[in-house]
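One structure is given below, encoded as structure tokens.
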Amino acid sequence: MNRWRDPRVDSQFFFQGYCRGTNSVLVSTSGGSGFIAAHVLDTLLERGHSVVTTVRSQEKAQKIQDAHPGIQKDRLDFAIVEDIAQPDAFDKAVISDPPFEAVIHTASPFHFNITDTKKDLLDPAINGTVGILRAIKKSTPSVKRVVITSSFAAIVSNGTAPTAVFSEAHWNPITEDEALLNPSNGYRASKTFAEKAAWEFVEKEKPNFTLATCNPPLVFGPVVHYLNSLDAINTSNKGFRDLVTGAAKDSCPPSGVHLWVDVRDVALAHVLAAEKPEAGGKRFFLVSSNFSYREVVEIISEAFPELREKLPSGDALKPGDYPAAGSFGFDNQRSKEVLGLTYRPLKETVLDTVKSLQTVLKQ
Ligand code: NDP
């Protein structure tokens with residue numbers, strides 16, 4: 001198939017899928033239907049790339065296609081990958097004509113509703129990451145850059161001082177035994193082990209591509225209305241959903257790590273990490289600022305008076321406070337210097353997230 005070439009772009013990518021053609025990215029988001037992946041997909045298209053994205057079913061492919069009516073098959077195409085935990089999951093998806101030049105791998109389970117940590121979290125995260133790298137090395141030597149969505153979970157460690165300052169230099173020291181203690185540990189371990197496995201693969205296998213990883217903390221921002229119901233909302237936006245629906249009226253969501261970033265900035269960071277030669281070989285800790293859900297409630301209350309009666313107040317706000325002992329510091333300098341990223345402020349993200357949830361509520 002001849003792929004469309006955009007004169008503004010001189011490389012081709014694969015997105016959670018794969019970017020094809022000299023001006024396209026094969027984005028391997030084995031989950032173009034995911035919260036972050038959907039924004040990566042749109043950012044790639046906006047920047048002129050042609051994209052093949054992986055999804056788990058034809059139904060999900062159709063929903064994404066329907067939401068992009070003006071975009072032809074030569075710019076947006078799909079590959080079905082039902083389960084990234086399977087060792088050969090990506091073998092066919094990475095093959096394309098013209099061949100992919102970059103791959104962005106975003107898909108990985110991010111939820112705590114599990115029965116078996118290994119099967120539900122560790123296997124898809126680790127096998128998915130190593131599997132896509134192996135498939136690219138075997139069949140698609142044209143790929144020059146692979147970007148993987150890692151996480152602050154691969155940086156932070158349990159038991160560090162409450163005011164520790166984190167950067168790309170830090171690694172979560174979690175062990176295999178600790179991974180099995182509870183679902184939260186399981187998720188953090190899945191991201192840590194998968195990212196480590198990716199760097200080890202590049203070190204040992206010396207493929208044609210260089211690697212970059214994106215490590216965001218909590219990601220907030222507009223949900224993709226054509227893919228979402230409020231019941232099935234992605235994990236990091238659940239606190240916002242509960243505030244908007246009144247489910248958190250008696251107890252504000254706890255803020256967890258108190259570090260956040262907007263999904264649109266995360267998406268742009270992935271695409272820049274695929275485009276920029278100097279991003280190769282680097283991790284990027286993507287953080288806008290500290291936050292607390294009390295601050296989120298105050299912003300919503302001021303901007304959306306009609307939601308005030310659903311919001312927690314008084315003592316019910318306490319779980320949303322910063323901890324008395326302080327909260328983590330962060331160093332996001334590399335993302336600004338190498339990627340040229342600027343970060344949206346909390347107020348803009350809160351307003352846009354609430355508006356997007358109201359759209360879903362009206363559907
Ligand atoms: P979503 O739950 O919205 O997306 C996860 C994606 O992974 C979905 O597309 C899902 O497909 C896919 N997926 C999960 N398991 C499998 C599997 N076994 N086989 C095939 N596809 C699978 O979450 P996010 O968009 O928030 O997360 C995306 C990535 O970002 C993850 O790697 C997560 O760890 C990371 N991350 C997210 C943060 C956040 O705050 N949101 C923070 C830091 C990192 P389907 O929907 O079809 O099941």
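Order determines the names: the first chain of the structure tokens is A, the second B, and so forth; residues in each chain are numbered 1 upward, and ligands are numbered 1 upward as they are shown.
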Exercise for review: Write as JSON, numbers by chain the residues around ligand 1, taking 8 Å as the cut-off and counting only C-alpha atoms and all ligand atoms.
Suggested key: {"A": [29, 30, 31, 32, 33, 34, 35, 36, 37, 38, 55, 56, 57, 60, 81, 82, 83, 84, 85, 106, 107, 108, 109, 110, 111, 120, 121, 124, 125, 128, 149, 150, 151, 152, 153, 187, 191, 215, 216, 217, 218, 219, 220, 233, 234, 235, 236, 237, 260, 263]}
From the DSSP assignment of the backbone, select every residue of region 75-243 of chain A that is alpha helix (DSSP H), and format the answer as a compact mmCIF listing (two decimals) with N, CA and C atoms, in the first residue's frame.
```
# COMPACT_ATOMS: atom_id res chain seq x y z
N THR A 117 -1.62 -11.54 40.07
CA THR A 117 -0.70 -10.45 39.72
C THR A 117 0.14 -10.77 38.49
N ASP A 123 2.74 -10.22 33.30
CA ASP A 123 2.93 -10.83 31.98
C ASP A 123 2.61 -9.87 30.83
N PRO A 124 1.43 -9.21 30.84
CA PRO A 124 1.18 -8.30 29.71
C PRO A 124 2.18 -7.15 29.65
N ALA A 125 2.60 -6.64 30.81
CA ALA A 125 3.54 -5.51 30.81
C ALA A 125 4.90 -5.95 30.26
N ILE A 126 5.42 -7.04 30.82
CA ILE A 126 6.79 -7.45 30.46
C ILE A 126 6.81 -8.13 29.09
N ASN A 127 5.93 -9.12 28.89
CA ASN A 127 5.93 -9.83 27.60
C ASN A 127 5.57 -8.89 26.46
N GLY A 128 4.63 -7.97 26.73
CA GLY A 128 4.24 -7.01 25.69
C GLY A 128 5.42 -6.15 25.27
N THR A 129 6.19 -5.70 26.24
CA THR A 129 7.33 -4.82 25.94
C THR A 129 8.44 -5.60 25.23
N VAL A 130 8.83 -6.71 25.81
CA VAL A 130 9.92 -7.48 25.19
C VAL A 130 9.46 -8.05 23.85
N GLY A 131 8.19 -8.46 23.79
CA GLY A 131 7.66 -9.05 22.56
C GLY A 131 7.70 -8.08 21.40
N ILE A 132 7.33 -6.84 21.65
CA ILE A 132 7.32 -5.87 20.53
C ILE A 132 8.75 -5.55 20.11
N LEU A 133 9.66 -5.45 21.07
CA LEU A 133 11.06 -5.14 20.73
C LEU A 133 11.65 -6.28 19.91
N ARG A 134 11.35 -7.52 20.33
CA ARG A 134 11.89 -8.68 19.61
C ARG A 134 11.34 -8.74 18.18
N ALA A 135 10.04 -8.47 18.06
CA ALA A 135 9.42 -8.52 16.73
C ALA A 135 10.00 -7.46 15.81
N ILE A 136 10.25 -6.27 16.36
CA ILE A 136 10.82 -5.19 15.54
C ILE A 136 12.23 -5.58 15.09
N LYS A 137 13.01 -6.10 16.03
CA LYS A 137 14.39 -6.46 15.69
C LYS A 137 14.40 -7.53 14.60
N LYS A 138 13.47 -8.48 14.72
CA LYS A 138 13.45 -9.60 13.77
C LYS A 138 12.99 -9.18 12.37
N SER A 139 11.94 -8.33 12.31
CA SER A 139 11.28 -8.14 11.01
C SER A 139 11.31 -6.72 10.47
N GLU A 176 10.64 -9.15 43.10
CA GLU A 176 9.57 -10.05 42.63
C GLU A 176 8.66 -10.46 43.79
N ASP A 177 9.24 -10.68 44.96
CA ASP A 177 8.40 -11.06 46.12
C ASP A 177 7.48 -9.91 46.51
N GLU A 178 8.02 -8.70 46.56
CA GLU A 178 7.20 -7.54 46.95
C GLU A 178 6.08 -7.30 45.93
N ALA A 179 6.34 -7.64 44.67
CA ALA A 179 5.34 -7.44 43.62
C ALA A 179 4.05 -8.18 43.93
N PRO A 183 -2.10 -5.44 44.92
CA PRO A 183 -2.24 -4.98 43.52
C PRO A 183 -1.44 -3.72 43.21
N SER A 184 -1.32 -2.81 44.18
CA SER A 184 -0.55 -1.59 43.94
C SER A 184 0.92 -1.92 43.67
N ASN A 185 1.48 -2.78 44.53
CA ASN A 185 2.85 -3.24 44.29
C ASN A 185 2.96 -3.95 42.95
N GLY A 186 1.95 -4.75 42.64
CA GLY A 186 1.95 -5.50 41.38
C GLY A 186 2.04 -4.57 40.19
N TYR A 187 1.25 -3.49 40.23
CA TYR A 187 1.29 -2.53 39.11
C TYR A 187 2.65 -1.84 39.04
N ARG A 188 3.14 -1.36 40.19
CA ARG A 188 4.43 -0.67 40.18
C ARG A 188 5.54 -1.59 39.68
N ALA A 189 5.48 -2.85 40.10
CA ALA A 189 6.49 -3.81 39.63
C ALA A 189 6.36 -4.07 38.14
N SER A 190 5.12 -4.13 37.66
CA SER A 190 4.93 -4.42 36.22
C SER A 190 5.59 -3.34 35.38
N LYS A 191 5.47 -2.10 35.80
CA LYS A 191 6.08 -1.00 35.03
C LYS A 191 7.59 -0.99 35.19
N THR A 192 8.07 -1.28 36.41
CA THR A 192 9.52 -1.28 36.65
C THR A 192 10.20 -2.41 35.87
N PHE A 193 9.65 -3.63 36.00
CA PHE A 193 10.28 -4.78 35.34
C PHE A 193 10.21 -4.63 33.81
N ALA A 194 9.09 -4.11 33.31
CA ALA A 194 8.96 -3.96 31.85
C ALA A 194 9.97 -2.93 31.33
N GLU A 195 10.11 -1.81 32.04
CA GLU A 195 11.06 -0.80 31.55
C GLU A 195 12.50 -1.32 31.64
N LYS A 196 12.80 -1.98 32.75
CA LYS A 196 14.16 -2.55 32.88
C LYS A 196 14.43 -3.54 31.75
N ALA A 197 13.43 -4.38 31.46
CA ALA A 197 13.61 -5.39 30.41
C ALA A 197 13.86 -4.72 29.06
N ALA A 198 13.23 -3.57 28.84
CA ALA A 198 13.42 -2.87 27.56
C ALA A 198 14.86 -2.35 27.44
N TRP A 199 15.36 -1.72 28.50
CA TRP A 199 16.74 -1.20 28.44
C TRP A 199 17.74 -2.34 28.32
N GLU A 200 17.45 -3.46 29.01
CA GLU A 200 18.36 -4.62 28.92
C GLU A 200 18.34 -5.21 27.51
N PHE A 201 17.17 -5.22 26.88
CA PHE A 201 17.07 -5.75 25.52
C PHE A 201 17.98 -4.95 24.59
N VAL A 202 17.88 -3.63 24.69
CA VAL A 202 18.68 -2.78 23.80
C VAL A 202 20.18 -2.98 24.07
N GLU A 203 20.51 -3.07 25.34
CA GLU A 203 21.91 -3.27 25.73
C GLU A 203 22.48 -4.58 25.17
N LYS A 204 21.69 -5.65 25.33
CA LYS A 204 22.21 -6.97 24.94
C LYS A 204 22.06 -7.25 23.46
N GLU A 205 20.92 -6.85 22.88
CA GLU A 205 20.60 -7.27 21.50
C GLU A 205 21.11 -6.30 20.45
N LYS A 238 -10.48 8.37 37.52
CA LYS A 238 -11.60 7.94 38.38
C LYS A 238 -11.92 8.97 39.45
N GLY A 239 -10.90 9.62 40.01
CA GLY A 239 -11.14 10.63 41.04
C GLY A 239 -12.00 11.77 40.49
N PHE A 240 -11.69 12.21 39.28
CA PHE A 240 -12.48 13.28 38.65
C PHE A 240 -13.92 12.82 38.41
N ARG A 241 -14.07 11.58 37.91
CA ARG A 241 -15.42 11.05 37.69
C ARG A 241 -16.21 11.07 38.99
N ASP A 242 -15.58 10.63 40.07
CA ASP A 242 -16.31 10.55 41.34
C ASP A 242 -16.68 11.93 41.87
N LEU A 243 -15.85 12.93 41.59
CA LEU A 243 -16.19 14.30 42.01
C LEU A 243 -17.37 14.81 41.19
```
Practice item. Enumerate, as a list in words, the complete set of residues in region 85-114 of chain A that a backbone-based DSSP assignment places in strand (DSSP E). Key: Ala102, Val103, Ile104 and His105 of chain A
Just the selected residues (N, CA, C and O atoms), exported as a PDB file, in the first residue's frame, please.
```pdb
ATOM      1  N   ALA A 102       9.234   4.212  13.231  1.00  0.00           N
ATOM      2  CA  ALA A 102       9.225   4.402  14.689  1.00  0.00           C
ATOM      3  C   ALA A 102       8.049   3.641  15.282  1.00  0.00           C
ATOM      4  O   ALA A 102       7.051   3.404  14.610  1.00  0.00           O
ATOM      5  N   VAL A 103       8.191   3.276  16.509  1.00  0.00           N
ATOM      6  CA  VAL A 103       7.135   2.542  17.217  1.00  0.00           C
ATOM      7  C   VAL A 103       6.926   3.184  18.584  1.00  0.00           C
ATOM      8  O   VAL A 103       7.900   3.496  19.276  1.00  0.00           O
ATOM      9  N   ILE A 104       5.679   3.398  18.937  1.00  0.00           N
ATOM     10  CA  ILE A 104       5.351   3.909  20.280  1.00  0.00           C
ATOM     11  C   ILE A 104       4.494   2.844  20.965  1.00  0.00           C
ATOM     12  O   ILE A 104       3.390   2.549  20.513  1.00  0.00           O
ATOM     13  N   HIS A 105       5.018   2.293  22.019  1.00  0.00           N
ATOM     14  CA  HIS A 105       4.316   1.189  22.703  1.00  0.00           C
ATOM     15  C   HIS A 105       3.740   1.696  24.029  1.00  0.00           C
ATOM     16  O   HIS A 105       4.472   1.962  24.975  1.00  0.00           O
TER      17      HIS A 105
END
```
Exercise for review: Measuring atom to atom with only C-alpha atoms, identify which of A:Leu361, A:Leu181, A:Val165, A:Leu351 is nearest to Gly326 (chain A).
Suggested key: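 Smallest separation from Gly326 (chain A) among the options: A:Val165.
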**Study point:** Distance query Lys310 (chain A) at most 6 Å, only C-alpha atoms, self and fewer than 3 positions along chain excluded, as JSON, numbers by chain
**Key:** {"A": [246, 249, 307]}
